[in-house]
$ cat query21.pdb   # PDB, C-alpha atoms and all ligand atoms
ATOM      1  CA  MET A1304     -83.337 101.820  53.683  1.00  0.00           C
ATOM      2  CA  HIS A1305     -86.100 103.869  55.320  1.00  0.00           C
ATOM      3  CA  ILE A1306     -84.969 106.059  58.162  1.00  0.00           C
ATOM      4  CA  PRO A1307     -86.857 108.399  60.525  1.00  0.00           C
ATOM      5  CA  ASP A1308     -87.509 112.107  59.801  1.00  0.00           C
ATOM      6  CA  ILE A1309     -84.213 113.405  61.093  1.00  0.00           C
ATOM      7  CA  THR A1310     -81.797 116.187  60.212  1.00  0.00           C
ATOM      8  CA  ILE A1311     -78.304 115.047  59.233  1.00  0.00           C
ATOM      9  CA  ALA A1312     -75.562 117.655  59.724  1.00  0.00           C
ATOM     10  CA  ILE A1313     -72.240 117.077  57.967  1.00  0.00           C
ATOM     11  CA  ASP A1314     -69.385 119.412  58.845  1.00  0.00           C
ATOM     12  CA  GLY A1315     -65.683 119.315  58.239  1.00  0.00           C
ATOM     13  CA  TYR A1316     -62.633 120.600  56.444  1.00  0.00           C
ATOM     14  CA  SER A1317     -62.494 121.838  52.844  1.00  0.00           C
ATOM     15  CA  SER A1318     -62.662 119.261  50.093  1.00  0.00           C
ATOM     16  CA  THR A1319     -63.258 116.257  52.326  1.00  0.00           C
ATOM     17  CA  GLY A1320     -66.006 115.183  49.948  1.00  0.00           C
ATOM     18  CA  LYS A1321     -68.822 116.402  52.192  1.00  0.00           C
ATOM     19  CA  SER A1322     -71.080 117.448  49.374  1.00  0.00           C
ATOM     20  CA  SER A1323     -70.579 114.308  47.254  1.00  0.00           C
ATOM     21  CA  PHE A1324     -71.234 112.174  50.344  1.00  0.00           C
ATOM     22  CA  ALA A1325     -74.257 114.273  51.374  1.00  0.00           C
ATOM     23  CA  LYS A1326     -75.785 114.053  47.897  1.00  0.00           C
ATOM     24  CA  ILE A1327     -75.484 110.265  47.825  1.00  0.00           C
ATOM     25  CA  ILE A1328     -76.997 109.943  51.296  1.00  0.00           C
ATOM     26  CA  ALA A1329     -79.862 112.260  50.372  1.00  0.00           C
ATOM     27  CA  ASN A1330     -80.563 110.121  47.344  1.00  0.00           C
ATOM     28  CA  GLU A1331     -80.321 106.899  49.339  1.00  0.00           C
ATOM     29  CA  PHE A1332     -82.783 108.027  52.053  1.00  0.00           C
ATOM     30  CA  SER A1333     -84.956 110.341  49.903  1.00  0.00           C
ATOM     31  CA  PHE A1334     -83.849 113.381  51.877  1.00  0.00           C
ATOM     32  CA  LEU A1335     -83.370 116.937  50.618  1.00  0.00           C
ATOM     33  CA  TYR A1336     -79.717 117.932  50.197  1.00  0.00           C
ATOM     34  CA  LEU A1337     -78.723 121.495  51.068  1.00  0.00           C
ATOM     35  CA  ASP A1338     -75.222 122.823  50.348  1.00  0.00           C
ATOM     36  CA  SER A1339     -74.557 125.675  52.797  1.00  0.00           C
ATOM     37  CA  GLY A1340     -71.139 126.427  51.274  1.00  0.00           C
ATOM     38  CA  ALA A1341     -72.846 127.231  47.967  1.00  0.00           C
ATOM     39  CA  LEU A1342     -74.649 130.129  49.655  1.00  0.00           C
ATOM     40  CA  TYR A1343     -71.367 131.505  51.047  1.00  0.00           C
ATOM     41  CA  ARG A1344     -69.851 131.094  47.595  1.00  0.00           C
ATOM     42  CA  GLY A1345     -72.883 132.834  46.029  1.00  0.00           C
ATOM     43  CA  VAL A1346     -72.645 135.798  48.395  1.00  0.00           C
ATOM     44  CA  THR A1347     -68.929 135.954  47.534  1.00  0.00           C
ATOM     45  CA  LEU A1348     -69.623 136.056  43.796  1.00  0.00           C
ATOM     46  CA  PHE A1349     -72.202 138.784  44.425  1.00  0.00           C
ATOM     47  CA  ALA A1350     -69.647 140.761  46.494  1.00  0.00           C
ATOM     48  CA  ILE A1351     -66.949 140.410  43.803  1.00  0.00           C
ATOM     49  CA  GLU A1352     -69.226 141.429  40.948  1.00  0.00           C
ATOM     50  CA  ASN A1353     -70.538 144.459  42.821  1.00  0.00           C
ATOM     51  CA  GLY A1354     -67.229 145.649  44.232  1.00  0.00           C
ATOM     52  CA  TYR A1355     -67.947 144.935  47.932  1.00  0.00           C
ATOM     53  CA  ILE A1356     -64.645 143.038  48.249  1.00  0.00           C
ATOM     54  CA  GLY A1357     -61.347 144.373  46.951  1.00  0.00           C
ATOM     55  CA  ASP A1358     -58.263 142.690  45.509  1.00  0.00           C
ATOM     56  CA  ASP A1359     -56.717 142.777  48.981  1.00  0.00           C
ATOM     57  CA  ASN A1360     -59.888 141.150  50.416  1.00  0.00           C
ATOM     58  CA  THR A1361     -61.004 144.324  52.212  1.00  0.00           C
ATOM     59  CA  ILE A1362     -64.765 144.064  52.577  1.00  0.00           C
ATOM     60  CA  ASN A1363     -67.205 146.972  52.555  1.00  0.00           C
ATOM     61  CA  VAL A1364     -69.440 145.417  55.203  1.00  0.00           C
ATOM     62  CA  PRO A1365     -72.102 148.167  55.507  1.00  0.00           C
ATOM     63  CA  GLU A1366     -72.674 148.259  51.741  1.00  0.00           C
ATOM     64  CA  LEU A1367     -72.680 144.476  51.413  1.00  0.00           C
ATOM     65  CA  ASP A1368     -75.079 144.189  54.332  1.00  0.00           C
ATOM     66  CA  LYS A1369     -77.461 146.684  52.737  1.00  0.00           C
ATOM     67  CA  ALA A1370     -77.270 145.010  49.330  1.00  0.00           C
ATOM     68  CA  MET A1371     -78.038 141.557  50.804  1.00  0.00           C
ATOM     69  CA  ASN A1372     -81.545 142.831  51.626  1.00  0.00           C
ATOM     70  CA  ASN A1373     -82.336 142.450  47.943  1.00  0.00           C
ATOM     71  CA  LEU A1374     -80.229 139.358  47.264  1.00  0.00           C
ATOM     72  CA  ASP A1375     -82.469 136.551  46.055  1.00  0.00           C
ATOM     73  CA  ILE A1376     -80.138 133.563  46.355  1.00  0.00           C
ATOM     74  CA  HIS A1377     -81.684 130.111  46.331  1.00  0.00           C
ATOM     75  CA  PHE A1378     -81.402 126.536  45.037  1.00  0.00           C
ATOM     76  CA  GLY A1379     -83.025 125.406  41.786  1.00  0.00           C
ATOM     77  CA  PRO A1380     -82.899 122.610  39.219  1.00  0.00           C
ATOM     78  CA  GLU A1381     -79.277 123.255  38.137  1.00  0.00           C
ATOM     79  CA  GLY A1382     -77.856 124.175  41.548  1.00  0.00           C
ATOM     80  CA  THR A1383     -77.470 127.658  42.975  1.00  0.00           C
ATOM     81  CA  TYR A1384     -79.190 130.744  41.560  1.00  0.00           C
ATOM     82  CA  ILE A1385     -79.287 134.489  42.042  1.00  0.00           C
ATOM     83  CA  GLY A1386     -82.758 135.412  40.799  1.00  0.00           C
ATOM     84  CA  ASP A1387     -83.132 133.375  37.620  1.00  0.00           C
ATOM     85  CA  ARG A1388     -79.386 133.313  36.844  1.00  0.00           C
ATOM     86  CA  CYS A1389     -77.682 129.978  37.504  1.00  0.00           C
ATOM     87  CA  ILE A1390     -74.326 130.691  39.198  1.00  0.00           C
ATOM     88  CA  GLU A1391     -73.253 127.089  39.793  1.00  0.00           C
ATOM     89  CA  LYS A1392     -70.171 127.217  37.556  1.00  0.00           C
ATOM     90  CA  GLU A1393     -68.889 130.633  38.696  1.00  0.00           C
ATOM     91  CA  ILE A1394     -69.117 129.830  42.401  1.00  0.00           C
ATOM     92  CA  ARG A1395     -66.767 126.826  41.993  1.00  0.00           C
ATOM     93  CA  SER A1396     -63.971 128.947  40.453  1.00  0.00           C
ATOM     94  CA  MET A1397     -60.647 129.669  42.179  1.00  0.00           C
ATOM     95  CA  ALA A1398     -61.561 133.387  42.077  1.00  0.00           C
ATOM     96  CA  VAL A1399     -64.479 132.678  44.412  1.00  0.00           C
ATOM     97  CA  ALA A1400     -62.552 130.050  46.445  1.00  0.00           C
ATOM     98  CA  GLY A1401     -59.900 132.693  47.158  1.00  0.00           C
ATOM     99  CA  LYS A1402     -62.389 135.116  48.700  1.00  0.00           C
ATOM    100  CA  VAL A1403     -65.093 132.950  50.262  1.00  0.00           C
ATOM    101  CA  SER A1404     -63.462 132.374  53.650  1.00  0.00           C
ATOM    102  CA  PRO A1405     -62.890 136.110  54.315  1.00  0.00           C
ATOM    103  CA  ILE A1406     -66.525 136.756  53.305  1.00  0.00           C
ATOM    104  CA  ALA A1407     -67.681 133.936  55.613  1.00  0.00           C
ATOM    105  CA  THR A1408     -66.041 135.641  58.623  1.00  0.00           C
ATOM    106  CA  VAL A1409     -68.515 138.545  58.373  1.00  0.00           C
ATOM    107  CA  ALA A1410     -71.240 138.213  61.036  1.00  0.00           C
ATOM    108  CA  GLU A1411     -73.845 139.926  58.812  1.00  0.00           C
ATOM    109  CA  VAL A1412     -73.156 137.406  56.041  1.00  0.00           C
ATOM    110  CA  ARG A1413     -73.455 134.480  58.465  1.00  0.00           C
ATOM    111  CA  ASN A1414     -76.794 135.795  59.777  1.00  0.00           C
ATOM    112  CA  PHE A1415     -78.076 136.184  56.229  1.00  0.00           C
ATOM    113  CA  VAL A1416     -77.027 132.651  55.240  1.00  0.00           C
ATOM    114  CA  ASP A1417     -78.232 131.059  58.517  1.00  0.00           C
ATOM    115  CA  LYS A1418     -81.705 132.531  58.015  1.00  0.00           C
ATOM    116  CA  LYS A1419     -81.915 131.092  54.493  1.00  0.00           C
ATOM    117  CA  LEU A1420     -80.622 127.684  55.605  1.00  0.00           C
ATOM    118  CA  ARG A1421     -83.140 127.386  58.455  1.00  0.00           C
ATOM    119  CA  GLU A1422     -85.941 128.412  56.123  1.00  0.00           C
ATOM    120  CA  PHE A1423     -84.894 125.928  53.400  1.00  0.00           C
ATOM    121  CA  GLY A1424     -84.463 123.135  55.981  1.00  0.00           C
ATOM    122  CA  LYS A1425     -87.503 123.763  58.151  1.00  0.00           C
ATOM    123  CA  ASN A1426     -89.457 120.701  57.013  1.00  0.00           C
ATOM    124  CA  GLY A1427     -86.834 118.181  58.161  1.00  0.00           C
ATOM    125  CA  ARG A1428     -85.640 115.096  56.259  1.00  0.00           C
ATOM    126  CA  ILE A1429     -82.584 117.045  55.149  1.00  0.00           C
ATOM    127  CA  VAL A1430     -78.865 116.489  54.814  1.00  0.00           C
ATOM    128  CA  MET A1431     -76.962 119.761  55.087  1.00  0.00           C
ATOM    129  CA  ASP A1432     -73.207 120.138  54.793  1.00  0.00           C
ATOM    130  CA  GLY A1433     -70.908 122.961  55.844  1.00  0.00           C
ATOM    131  CA  ARG A1434     -68.713 124.142  58.682  1.00  0.00           C
ATOM    132  CA  ASP A1435     -71.114 125.034  61.486  1.00  0.00           C
ATOM    133  CA  ILE A1436     -74.278 123.066  60.741  1.00  0.00           C
ATOM    134  CA  GLY A1437     -74.084 120.801  63.805  1.00  0.00           C
ATOM    135  CA  THR A1438     -72.850 123.580  66.076  1.00  0.00           C
ATOM    136  CA  THR A1439     -74.859 126.652  65.002  1.00  0.00           C
ATOM    137  CA  VAL A1440     -77.399 126.170  62.224  1.00  0.00           C
ATOM    138  CA  PHE A1441     -79.033 122.946  63.458  1.00  0.00           C
ATOM    139  CA  PRO A1442     -77.544 122.256  66.919  1.00  0.00           C
ATOM    140  CA  ASP A1443     -80.403 119.811  67.567  1.00  0.00           C
ATOM    141  CA  ALA A1444     -79.696 117.693  64.485  1.00  0.00           C
ATOM    142  CA  GLU A1445     -80.214 114.037  65.410  1.00  0.00           C
ATOM    143  CA  LEU A1446     -77.121 112.905  63.517  1.00  0.00           C
ATOM    144  CA  LYS A1447     -73.884 114.876  63.184  1.00  0.00           C
ATOM    145  CA  ILE A1448     -70.873 113.783  61.177  1.00  0.00           C
ATOM    146  CA  PHE A1449     -67.511 115.549  61.197  1.00  0.00           C
ATOM    147  CA  MET A1450     -65.410 114.816  58.112  1.00  0.00           C
ATOM    148  CA  THR A1451     -61.676 115.009  57.790  1.00  0.00           C
ATOM    149  CA  ALA A1452     -58.942 113.609  55.523  1.00  0.00           C
ATOM    150  CA  ASP A1453     -55.279 114.044  54.741  1.00  0.00           C
ATOM    151  CA  PRO A1454     -54.716 117.503  53.102  1.00  0.00           C
ATOM    152  CA  LEU A1455     -52.845 116.148  50.091  1.00  0.00           C
ATOM    153  CA  VAL A1456     -55.554 113.567  49.415  1.00  0.00           C
ATOM    154  CA  ARG A1457     -58.130 116.355  49.631  1.00  0.00           C
ATOM    155  CA  ALA A1458     -56.216 118.658  47.278  1.00  0.00           C
ATOM    156  CA  GLN A1459     -55.800 115.868  44.728  1.00  0.00           C
ATOM    157  CA  ARG A1460     -59.513 115.066  44.847  1.00  0.00           C
ATOM    158  CA  ARG A1461     -60.494 118.723  44.400  1.00  0.00           C
ATOM    159  CA  ALA A1462     -58.001 119.236  41.555  1.00  0.00           C
ATOM    160  CA  ASP A1463     -59.366 116.122  39.786  1.00  0.00           C
ATOM    161  CA  GLU A1464     -62.904 117.378  40.256  1.00  0.00           C
ATOM    162  CA  MET A1465     -62.038 120.772  38.763  1.00  0.00           C
ATOM    163  CA  LYS A1466     -60.142 119.210  35.871  1.00  0.00           C
ATOM    164  CA  ALA A1467     -63.130 116.987  35.097  1.00  0.00           C
ATOM    165  CA  LYS A1468     -65.211 120.159  34.819  1.00  0.00           C
ATOM    166  CA  GLY A1469     -62.712 121.575  32.327  1.00  0.00           C
ATOM    167  CA  MET A1470     -61.271 124.116  34.779  1.00  0.00           C
ATOM    168  CA  GLU A1471     -57.580 124.917  34.807  1.00  0.00           C
ATOM    169  CA  THR A1472     -55.945 123.655  37.991  1.00  0.00           C
ATOM    170  CA  ASP A1473     -52.626 123.523  39.712  1.00  0.00           C
ATOM    171  CA  LEU A1474     -52.365 121.030  42.576  1.00  0.00           C
ATOM    172  CA  GLN A1475     -50.158 123.332  44.666  1.00  0.00           C
ATOM    173  CA  ASP A1476     -52.611 126.238  44.257  1.00  0.00           C
ATOM    174  CA  VAL A1477     -55.514 124.029  45.268  1.00  0.00           C
ATOM    175  CA  LEU A1478     -53.596 122.697  48.301  1.00  0.00           C
ATOM    176  CA  LYS A1479     -52.612 126.212  49.363  1.00  0.00           C
ATOM    177  CA  ASN A1480     -56.179 127.450  48.996  1.00  0.00           C
ATOM    178  CA  LEU A1481     -57.676 124.647  51.063  1.00  0.00           C
ATOM    179  CA  GLN A1482     -55.119 125.066  53.824  1.00  0.00           C
ATOM    180  CA  GLU A1483     -55.758 128.815  53.911  1.00  0.00           C
ATOM    181  CA  ARG A1484     -59.503 128.256  54.078  1.00  0.00           C
ATOM    182  CA  ASP A1485     -59.157 125.634  56.835  1.00  0.00           C
ATOM    183  CA  TYR A1486     -57.098 128.107  58.837  1.00  0.00           C
ATOM    184  CA  ILE A1487     -59.478 131.053  58.418  1.00  0.00           C
ATOM    185  CA  ASP A1488     -62.561 128.847  58.939  1.00  0.00           C
ATOM    186  CA  SER A1489     -61.179 127.357  62.168  1.00  0.00           C
ATOM    187  CA  HIS A1490     -59.942 130.642  63.622  1.00  0.00           C
ATOM    188  CA  ARG A1491     -62.736 133.104  62.874  1.00  0.00           C
ATOM    189  CA  GLU A1492     -64.674 134.668  65.737  1.00  0.00           C
ATOM    190  CA  VAL A1493     -68.217 133.863  64.625  1.00  0.00           C
ATOM    191  CA  SER A1494     -69.188 130.168  64.374  1.00  0.00           C
ATOM    192  CA  PRO A1495     -65.740 128.771  63.616  1.00  0.00           C
ATOM    193  CA  LEU A1496     -65.350 125.334  62.093  1.00  0.00           C
ATOM    194  CA  SER A1497     -65.298 122.980  65.049  1.00  0.00           C
ATOM    195  CA  GLN A1498     -66.453 119.500  65.835  1.00  0.00           C
ATOM    196  CA  ALA A1499     -69.749 119.411  67.751  1.00  0.00           C
ATOM    197  CA  GLU A1500     -69.434 117.452  71.004  1.00  0.00           C
ATOM    198  CA  ASP A1501     -71.958 114.901  69.799  1.00  0.00           C
ATOM    199  CA  ALA A1502     -70.535 114.547  66.272  1.00  0.00           C
ATOM    200  CA  ILE A1503     -69.029 111.315  64.976  1.00  0.00           C
ATOM    201  CA  VAL A1504     -65.701 111.658  63.147  1.00  0.00           C
ATOM    202  CA  LEU A1505     -65.296 110.219  59.662  1.00  0.00           C
ATOM    203  CA  ASP A1506     -61.722 110.231  58.325  1.00  0.00           C
ATOM    204  CA  ASN A1507     -62.101 109.165  54.718  1.00  0.00           C
ATOM    205  CA  SER A1508     -58.444 109.454  53.590  1.00  0.00           C
ATOM    206  CA  HIS A1509     -58.424 105.779  52.691  1.00  0.00           C
ATOM    207  CA  MET A1510     -62.093 105.060  52.107  1.00  0.00           C
ATOM    208  CA  THR A1511     -64.125 104.707  48.938  1.00  0.00           C
ATOM    209  CA  MET A1512     -67.529 106.352  48.669  1.00  0.00           C
ATOM    210  CA  ASP A1513     -69.249 102.961  48.982  1.00  0.00           C
ATOM    211  CA  GLU A1514     -67.367 102.272  52.203  1.00  0.00           C
ATOM    212  CA  GLN A1515     -68.444 105.634  53.586  1.00  0.00           C
ATOM    213  CA  VAL A1516     -72.089 104.991  52.758  1.00  0.00           C
ATOM    214  CA  GLU A1517     -71.930 101.529  54.365  1.00  0.00           C
ATOM    215  CA  TRP A1518     -70.300 103.053  57.429  1.00  0.00           C
ATOM    216  CA  LEU A1519     -73.082 105.633  57.719  1.00  0.00           C
ATOM    217  CA  LYS A1520     -75.796 103.025  57.329  1.00  0.00           C
ATOM    218  CA  SER A1521     -74.334 100.987  60.171  1.00  0.00           C
ATOM    219  CA  VAL A1522     -74.136 104.116  62.355  1.00  0.00           C
ATOM    220  CA  ILE A1523     -77.799 104.861  61.616  1.00  0.00           C
ATOM    221  CA  LYS A1524     -78.910 101.268  62.273  1.00  0.00           C
ATOM    222  CA  GLU A1525     -77.209 101.292  65.625  1.00  0.00           C
ATOM    223  CA  ARG A1526     -78.317 104.797  66.601  1.00  0.00           C
ATOM    224  CA  PHE A1527     -81.980 104.378  65.657  1.00  0.00           C
ATOM    225  CA  GLY A1528     -82.337 100.664  66.385  1.00  0.00           C
ATOM    226  CA  LEU A1529     -83.256  99.730  62.816  1.00  0.00           C
TER
HETATM  227  O1  LIG B1601     -66.434 122.413  49.009  1.00  0.00           O
HETATM  228  P1  LIG B1601     -65.564 122.918  50.109  1.00  0.00           P
HETATM  229  O2  LIG B1601     -65.540 121.999  51.290  1.00  0.00           O
HETATM  230  O3  LIG B1601     -64.211 123.272  49.664  1.00  0.00           O
HETATM  231  O4  LIG B1601     -66.205 124.289  50.599  1.00  0.00           O
HETATM  232  P2  LIG B1601     -67.715 124.753  50.681  1.00  0.00           P
HETATM  233  O5  LIG B1601     -68.533 123.832  51.526  1.00  0.00           O
HETATM  234  O6  LIG B1601     -68.207 125.057  49.317  1.00  0.00           O
HETATM  235  O7  LIG B1601     -67.556 126.131  51.508  1.00  0.00           O
HETATM  236  C1  LIG B1601     -66.810 127.206  51.017  1.00  0.00           C
HETATM  237  C2  LIG B1601     -66.437 128.135  52.148  1.00  0.00           C
HETATM  238  O8  LIG B1601     -67.642 128.687  52.712  1.00  0.00           O
HETATM  239  C3  LIG B1601     -65.714 127.500  53.331  1.00  0.00           C
HETATM  240  O9  LIG B1601     -64.324 127.436  53.170  1.00  0.00           O
HETATM  241  C4  LIG B1601     -66.099 128.447  54.484  1.00  0.00           C
HETATM  242  O10 LIG B1601     -65.279 129.586  54.481  1.00  0.00           O
HETATM  243  C5  LIG B1601     -67.500 128.883  54.107  1.00  0.00           C
HETATM  244  N1  LIG B1601     -68.548 128.134  54.832  1.00  0.00           N
HETATM  245  C6  LIG B1601     -68.818 128.487  56.138  1.00  0.00           C
HETATM  246  O11 LIG B1601     -68.175 129.359  56.694  1.00  0.00           O
HETATM  247  N2  LIG B1601     -69.843 127.875  56.819  1.00  0.00           N
HETATM  248  C7  LIG B1601     -70.556 126.898  56.233  1.00  0.00           C
HETATM  249  N3  LIG B1601     -71.561 126.335  56.910  1.00  0.00           N
HETATM  250  C8  LIG B1601     -70.261 126.498  54.917  1.00  0.00           C
HETATM  251  C9  LIG B1601     -69.235 127.114  54.233  1.00  0.00           C
END
$ encode --input "query21.pdb" --output "structure tokens" --more "lines below"
Ligand code: CDP
Amino acid sequence: MHIPDITIAIDGYSSTGKSSFAKIIANEFSFLYLDSGALYRGVTLFAIENGYIGDDNTINVPELDKAMNNLDIHFGPEGTYIGDRCIEKEIRSMAVAGKVSPIATVAEVRNFVDKKLREFGKNGRIVMDGRDIGTTVFPDAELKIFMTADPLVRAQRRADEMKAKGMETDLQDVLKNLQERDYIDSHREVSPLSQAEDAIVLDNSHMTMDEQVEWLKSVIKERFGL
């Protein structure tokens, strides 16, 4: 299916399958997929490894802010990179998941990530997923989807995904982490997770991926008169 040169913004709660959905759509329409959460996760890994966030999640904002001036984080063939080091596996760990939402509350971090995202997405024909893409990063996106699903369904999906990657997982830990992140993400001061007024809600608790893709295609056909 050929669709116009639009920007598709996909926001929503943790582990609703945004990135899997976004990747499939990007493939289907020959769009570029950009995972904004990966950049927040990458900054979090960087902060952990360099001691800018403590065990109690206290963040040394001035030092982190200064260090981000030299942080070369970007996407490459195997996912997310810092310089030429692929960090894709590390950023999906529970250690990073446990600290990413506090890091993502920091205004300086959000400015840093927003700048990168706008630069990476400036040529259009992109699908970007996150928490504030339709509200803050690309408020003019022509198509905005807001994804949600039952928390237990989401936790089970994320635990299965981690297990498939050979990571140790406990369903209750995963559930607790996603509920904590949803809370912090929805209540932070800067760009909280919220549904854009012009976003369409997709609750995929009881939908297969194929059903979601079909649903999106029908939305696009109707919206763009194809
Ligand atoms: O994959 P999952 O939905 O669990 O999360 P993610 O997209 O990898 O994002 C990880 C975390 O980054 C989120 O819980 C948010 O705290 C933060 N984030 C954000 O604040 N704004 C975005 N646009 C994307 C992610």
$ resolve_selection --input "query21.pdb" --expression "the PyMOL selection byres (((not hetatm)) within 8 of (chain B and resi 1601))" --output "ChimeraX atom specification"
/A:1314-1322,1338-1344,1395,1400,1403-1408,1413,1432-1436,1440,1461,1481,1484-1485,1487-1488,1494-1496
$ residues_around --input "query21.pdb" --residues "Glu1422 (chain A)" --least-positions-apart "5" --cutoff "12 Å" --atoms "only C-alpha atoms" --output "ChimeraX atom specification"
/A:1337,1377,1415-1417,1427,1429,1440-1441
$ resolve_selection --input "query21.pdb" --expression "the PyMOL selection byres (((chain A and resi 1331) around 12) and not hetatm)" --output "PDB file with C-alpha atoms, keeping the file's coordinate frame"
ATOM      1  CA  MET A1304     -83.337 101.820  53.683  1.00  0.00           C
ATOM      2  CA  HIS A1305     -86.100 103.869  55.320  1.00  0.00           C
ATOM      3  CA  ILE A1306     -84.969 106.059  58.162  1.00  0.00           C
ATOM      4  CA  PHE A1324     -71.234 112.174  50.344  1.00  0.00           C
ATOM      5  CA  ALA A1325     -74.257 114.273  51.374  1.00  0.00           C
ATOM      6  CA  LYS A1326     -75.785 114.053  47.897  1.00  0.00           C
ATOM      7  CA  ILE A1327     -75.484 110.265  47.825  1.00  0.00           C
ATOM      8  CA  ILE A1328     -76.997 109.943  51.296  1.00  0.00           C
ATOM      9  CA  ALA A1329     -79.862 112.260  50.372  1.00  0.00           C
ATOM     10  CA  ASN A1330     -80.563 110.121  47.344  1.00  0.00           C
ATOM     11  CA  PHE A1332     -82.783 108.027  52.053  1.00  0.00           C
ATOM     12  CA  SER A1333     -84.956 110.341  49.903  1.00  0.00           C
ATOM     13  CA  PHE A1334     -83.849 113.381  51.877  1.00  0.00           C
ATOM     14  CA  LEU A1335     -83.370 116.937  50.618  1.00  0.00           C
ATOM     15  CA  TYR A1336     -79.717 117.932  50.197  1.00  0.00           C
ATOM     16  CA  ARG A1428     -85.640 115.096  56.259  1.00  0.00           C
ATOM     17  CA  ILE A1429     -82.584 117.045  55.149  1.00  0.00           C
ATOM     18  CA  VAL A1430     -78.865 116.489  54.814  1.00  0.00           C
ATOM     19  CA  ASP A1513     -69.249 102.961  48.982  1.00  0.00           C
ATOM     20  CA  VAL A1516     -72.089 104.991  52.758  1.00  0.00           C
ATOM     21  CA  GLU A1517     -71.930 101.529  54.365  1.00  0.00           C
ATOM     22  CA  LEU A1519     -73.082 105.633  57.719  1.00  0.00           C
ATOM     23  CA  LYS A1520     -75.796 103.025  57.329  1.00  0.00           C
TER      24      LYS A1520
END
$ residues_around --input "query21.pdb" --residues "Phe1349 (chain A)" --least-positions-apart "5" --cutoff "9 Å" --atoms "all atoms listed in the file" --output "number ranges by chain"
A: 1344, 1354-1355, 1374, 1385
$ atom_distance --input "query21.pdb" --atom1 "CA of Arg1491 (chain A)" --atom2 "CA of Thr1347 (chain A)"
16.8 Å
$ residues_around --input "query21.pdb" --residues "region 1443-1459 of chain A" --least-positions-apart "4" --cutoff "8 Å" --atoms "only C-alpha atoms" --output "VMD selection string"
chain A and resid 1309 to 1321 1437 1463 1474 1477 to 1478 1481 to 1482 1498 to 1499 1501 to 1508
$ atom_distance --input "query21.pdb" --atom1 "CA of Thr1511 (chain A)" --atom2 "CA of Ser1323 (chain A)"
11.7 Å
$ closest_residue --input "query21.pdb" --among "A:Ala1410, A:Met1371, A:Val1364, A:Ile1390" --to "Gly1345 (chain A)" --atoms "all atoms listed in the file"
A:Ile1390
$ atom_distance --input "query21.pdb" --atom1 "CA of Gly1357 (chain A)" --atom2 "CA of Asn1414 (chain A)"
21.8 Å
$ axis_aligned_box --input "query21.pdb" --around "region 1408-1424 of chain A" --padding-each-side "3 Å" --output "AutoDock Vina command-line options"
--center_x -76.0 --center_y 131.5 --center_z 57.2 --size_x 25.9 --size_y 22.8 --size_z 13.6
$ closest_residue --input "query21.pdb" --among "A:Arg1388, A:Asn1373, A:Lys1425, A:Asn1480" --to "Lys1402 (chain A)" --atoms "all atoms listed in the file"
A:Asn1480
$ residues_around --input "query21.pdb" --residues "Met1470 (chain A)" --least-positions-apart "5" --cutoff "10 Å" --atoms "only C-alpha atoms" --output "number ranges by chain"
A: 1392, 1395-1397, 1462-1465
$ closest_residue --input "query21.pdb" --among "A:Glu1366, A:Asn1360, A:Gly1401, A:Thr1383" --to "Glu1483 (chain A)" --atoms "only C-alpha atoms"
A:Gly1401
$ closest_residue --input "query21.pdb" --among "A:Val1522, A:Val1493, A:Ala1398, A:Ile1351" --to "Val1412 (chain A)" --atoms "all atoms listed in the file"
A:Val1493
$ decode --input "query21.pdb" --residues "region 1404-1414 of chain A" --atoms "N, CA and C atoms" --output "mmCIF file, in the first residue's frame"
data_model
loop_
_atom_site.group_PDB
_atom_site.id
_atom_site.type_symbol
_atom_site.label_atom_id
_atom_site.label_comp_id
_atom_site.auth_asym_id
_atom_site.auth_seq_id
_atom_site.Cartn_x
_atom_site.Cartn_y
_atom_site.Cartn_z
ATOM 1 N N SER A 1404 12.464 6.032 33.719
ATOM 2 C CA SER A 1404 11.407 7.030 33.897
ATOM 3 C C SER A 1404 11.862 8.213 34.749
ATOM 4 N N PRO A 1405 12.618 7.979 35.860
ATOM 5 C CA PRO A 1405 13.178 9.145 36.565
ATOM 6 C C PRO A 1405 14.068 10.005 35.654
ATOM 7 N N ILE A 1406 14.917 9.352 34.851
ATOM 8 C CA ILE A 1406 15.789 10.111 33.938
ATOM 9 C C ILE A 1406 14.947 10.931 32.942
ATOM 10 N N ALA A 1407 13.845 10.323 32.476
ATOM 11 C CA ALA A 1407 13.003 10.988 31.473
ATOM 12 C C ALA A 1407 12.170 12.139 32.037
ATOM 13 N N THR A 1408 12.215 12.337 33.376
ATOM 14 C CA THR A 1408 11.526 13.514 33.941
ATOM 15 C C THR A 1408 12.400 14.768 33.834
ATOM 16 N N VAL A 1409 13.698 14.583 33.578
ATOM 17 C CA VAL A 1409 14.633 15.715 33.606
ATOM 18 C C VAL A 1409 14.494 16.550 32.320
ATOM 19 N N ALA A 1410 14.171 17.835 32.485
ATOM 20 C CA ALA A 1410 13.918 18.702 31.328
ATOM 21 C C ALA A 1410 15.115 18.743 30.377
ATOM 22 N N GLU A 1411 16.332 18.777 30.940
ATOM 23 C CA GLU A 1411 17.542 18.838 30.099
ATOM 24 C C GLU A 1411 17.674 17.591 29.234
ATOM 25 N N VAL A 1412 17.289 16.433 29.824
ATOM 26 C CA VAL A 1412 17.340 15.179 29.061
ATOM 27 C C VAL A 1412 16.308 15.227 27.936
ATOM 28 N N ARG A 1413 15.109 15.703 28.245
ATOM 29 C CA ARG A 1413 14.045 15.755 27.235
ATOM 30 C C ARG A 1413 14.437 16.681 26.088
ATOM 31 N N ASN A 1414 15.073 17.830 26.417
ATOM 32 C CA ASN A 1414 15.511 18.738 25.349
ATOM 33 C C ASN A 1414 16.537 18.067 24.454
#
